[in-house]
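Listing of model_32.pdb; format and content: PDB, C-alpha atoms.
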ATOM      1  CA  MET A  13      27.781   4.904 -14.038  1.00  0.00           C
ATOM      2  CA  ALA A  14      26.277   7.371 -11.599  1.00  0.00           C
ATOM      3  CA  ALA A  15      27.160  11.043 -11.762  1.00  0.00           C
ATOM      4  CA  THR A  16      29.109  12.531  -8.838  1.00  0.00           C
ATOM      5  CA  ALA A  17      28.759  15.827  -7.025  1.00  0.00           C
ATOM      6  CA  THR A  18      30.123  17.307  -3.826  1.00  0.00           C
ATOM      7  CA  ILE A  19      28.194  18.291  -0.737  1.00  0.00           C
ATOM      8  CA  ARG A  20      28.997  21.916  -1.562  1.00  0.00           C
ATOM      9  CA  ASP A  21      27.515  21.472  -5.051  1.00  0.00           C
ATOM     10  CA  LEU A  22      24.377  20.087  -3.478  1.00  0.00           C
ATOM     11  CA  ARG A  23      24.035  23.137  -1.250  1.00  0.00           C
ATOM     12  CA  ASN A  24      24.955  25.778  -3.824  1.00  0.00           C
ATOM     13  CA  ARG A  25      23.732  24.279  -7.105  1.00  0.00           C
ATOM     14  CA  PHE A  26      20.756  22.141  -6.201  1.00  0.00           C
ATOM     15  CA  PRO A  27      18.745  22.776  -9.413  1.00  0.00           C
ATOM     16  CA  LYS A  28      21.703  21.521 -11.474  1.00  0.00           C
ATOM     17  CA  ILE A  29      22.081  18.427  -9.272  1.00  0.00           C
ATOM     18  CA  ARG A  30      18.338  17.786  -9.516  1.00  0.00           C
ATOM     19  CA  LYS A  31      18.501  17.840 -13.336  1.00  0.00           C
ATOM     20  CA  ILE A  32      21.432  15.419 -13.264  1.00  0.00           C
ATOM     21  CA  LEU A  33      19.497  13.183 -10.866  1.00  0.00           C
ATOM     22  CA  GLU A  34      16.475  13.155 -13.161  1.00  0.00           C
ATOM     23  CA  ALA A  35      18.638  12.378 -16.196  1.00  0.00           C
ATOM     24  CA  GLU A  36      21.003   9.805 -14.641  1.00  0.00           C
ATOM     25  CA  GLY A  37      18.735   8.306 -11.985  1.00  0.00           C
ATOM     26  CA  GLU A  38      21.425   8.422  -9.306  1.00  0.00           C
ATOM     27  CA  VAL A  39      24.001  10.910  -7.991  1.00  0.00           C
ATOM     28  CA  VAL A  40      26.860   9.958  -5.677  1.00  0.00           C
ATOM     29  CA  LEU A  41      27.801  12.716  -3.234  1.00  0.00           C
ATOM     30  CA  THR A  42      31.421  13.058  -2.263  1.00  0.00           C
ATOM     31  CA  GLU A  43      32.879  14.602   0.852  1.00  0.00           C
ATOM     32  CA  SER A  44      36.621  15.359   1.003  1.00  0.00           C
ATOM     33  CA  GLY A  45      37.131  13.357  -2.191  1.00  0.00           C
ATOM     34  CA  ARG A  46      35.473  10.196  -0.855  1.00  0.00           C
ATOM     35  CA  SER A  47      32.094   8.842  -1.876  1.00  0.00           C
ATOM     36  CA  ARG A  48      29.745   9.205   1.084  1.00  0.00           C
ATOM     37  CA  TYR A  49      26.104   9.349   0.027  1.00  0.00           C
ATOM     38  CA  ARG A  50      23.895   8.222  -2.804  1.00  0.00           C
ATOM     39  CA  LEU A  51      20.912  10.248  -4.003  1.00  0.00           C
ATOM     40  CA  ILE A  52      18.134   8.432  -5.786  1.00  0.00           C
ATOM     41  CA  PRO A  53      14.711   9.757  -6.804  1.00  0.00           C
ATOM     42  CA  TYR A  54      11.883   9.105  -4.378  1.00  0.00           C
ATOM     43  CA  VAL A  55       9.062   6.963  -5.716  1.00  0.00           C
ATOM     44  CA  ALA A  56       5.877   7.169  -3.690  1.00  0.00           C
ATOM     45  CA  PRO A  57       4.316   3.783  -2.896  1.00  0.00           C
ATOM     46  CA  THR A  58       1.217   3.050  -4.888  1.00  0.00           C
ATOM     47  CA  LYS A  59      -2.021   2.823  -3.006  1.00  0.00           C
ATOM     48  CA  THR A  60      -3.610  -0.547  -3.413  1.00  0.00           C
ATOM     49  CA  THR A  61      -7.272  -0.949  -2.703  1.00  0.00           C
ATOM     50  CA  PRO A  62      -8.221  -3.930  -0.594  1.00  0.00           C
ATOM     51  CA  PRO A  63     -10.385  -6.550  -2.259  1.00  0.00           C
ATOM     52  CA  PRO A  64     -14.119  -6.015  -1.753  1.00  0.00           C
ATOM     53  CA  VAL A  65     -15.713  -7.868   1.135  1.00  0.00           C
ATOM     54  CA  ASP A  66     -17.895 -10.768   0.068  1.00  0.00           C
ATOM     55  CA  TYR A  67     -20.709 -10.468   2.582  1.00  0.00           C
ATOM     56  CA  TRP A  68     -22.682 -13.350   1.107  1.00  0.00           C
ATOM     57  CA  ALA A  69     -19.747 -15.741   1.581  1.00  0.00           C
ATOM     58  CA  ARG A  70     -19.363 -14.461   5.122  1.00  0.00           C
ATOM     59  CA  LEU A  71     -23.021 -15.063   5.826  1.00  0.00           C
ATOM     60  CA  THR A  72     -23.030 -18.576   4.377  1.00  0.00           C
ATOM     61  CA  SER A  73     -19.919 -19.457   6.365  1.00  0.00           C
ATOM     62  CA  LEU A  74     -21.860 -18.731   9.557  1.00  0.00           C
ATOM     63  CA  GLN A  75     -24.842 -20.811   8.449  1.00  0.00           C
ATOM     64  CA  PRO A  76     -23.588 -23.250   5.816  1.00  0.00           C
ATOM     65  CA  THR A  77     -26.858 -25.222   5.439  1.00  0.00           C
ATOM     66  CA  PRO A  78     -30.326 -23.705   5.204  1.00  0.00           C
ATOM     67  CA  MET A  79     -32.949 -24.398   7.850  1.00  0.00           C
ATOM     68  CA  THR A  80     -35.388 -27.199   7.232  1.00  0.00           C
ATOM     69  CA  ALA A  81     -39.098 -26.506   7.121  1.00  0.00           C
ATOM     70  CA  ALA A  82     -39.506 -28.118  10.551  1.00  0.00           C
ATOM     71  CA  GLN A  83     -36.778 -25.958  12.066  1.00  0.00           C
ATOM     72  CA  ALA A  84     -38.256 -22.827  10.488  1.00  0.00           C
ATOM     73  CA  GLY A  85     -41.703 -23.716  11.824  1.00  0.00           C
ATOM     74  CA  LYS A  86     -40.325 -24.294  15.323  1.00  0.00           C
ATOM     75  CA  LEU A  87     -38.474 -20.968  15.251  1.00  0.00           C
ATOM     76  CA  HIS A  88     -41.587 -19.196  14.022  1.00  0.00           C
ATOM     77  CA  GLU A  89     -43.655 -20.775  16.802  1.00  0.00           C
ATOM     78  CA  GLU A  90     -41.084 -19.726  19.443  1.00  0.00           C
ATOM     79  CA  ASN A  91     -41.076 -16.149  18.208  1.00  0.00           C
ATOM     80  CA  ARG A  92     -44.762 -15.701  17.489  1.00  0.00           C
ATOM     81  CA  GLY A  93     -46.400 -18.019  20.001  1.00  0.00           C
ATOM     82  CA  ASP A  94     -50.219 -17.912  20.256  1.00  0.00           C
ATOM     83  CA  ARG A  95     -50.691 -14.485  18.751  1.00  0.00           C
TER      84      ARG A  95
END
Now, as a test, write the supplied structure out as structure tokens.
Amino acid sequence: MAATATIRDLRNRFPKIRKILEAEGEVVLTESGRSRYRLIPYVAPTKTTPPPVDYWARLTSLQPTPMTAAQAGKLHEENRGDR
């Protein structure tokens, strides 16, 4: 069962309410005798690191099969010419 406190208690006795919140895990705030708000501790989201990029897989996806010797020779001839 959650502990209860009034809005006035929250304003005037915050350290006490904070200790109750840490001990109980939840505090219900009342206003004019009616439950209005619920305080719960804030938990910061954990930072997750993205998976490392596999550059080799990326490269092989662009050129899945290696060049043949004839293709390599033709490319070399186009680039180098009669030098």
**OP:** Specify as a ChimeraX atom specification each residue included when the PyMOL selection byres ((chain A and resi 49) around 10) is applied to this file.
**Re:** /A:16-19,39-43,46-48,50-52
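The space between CA of Asn24 in chain A and CA of Glu38 in chain A spans 18.5 Å.
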Original post:
So how many Å separate CA of Tyr67 in chain A and CA of Ala84 in chain A, to one decimal?
Top reply: 22.9 Å
Original post:
What is the distance, in Å and to one decimal place, between CA of Glu34 in chain A and CA of Val55 in chain A?
Top reply: 12.2 Å
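The closest residue to Gly45 in chain A, picked from A:Arg20, A:Arg25, A:Arg70, A:Lys59 and counting all atoms listed in the file, is A:Arg20.
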How big is the axis-aligned box around the listed atoms of range 68-73 of chain A once 6 Å is added on each side, and where is its centre? Give both in Å to one decimal, as JSON.
{"center_x": -21.2, "center_y": -16.4, "center_z": 3.7, "size_x": 15.7, "size_y": 18.1, "size_z": 17.3}
Subject >> Best match for closeness to Lys31 in chain A among A:Trp68, A:Pro53, A:Pro63, A:Ser44, counting all atoms listed in the file >> reply: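 Of all the options, A:Pro53 lies closest to Lys31 in chain A.
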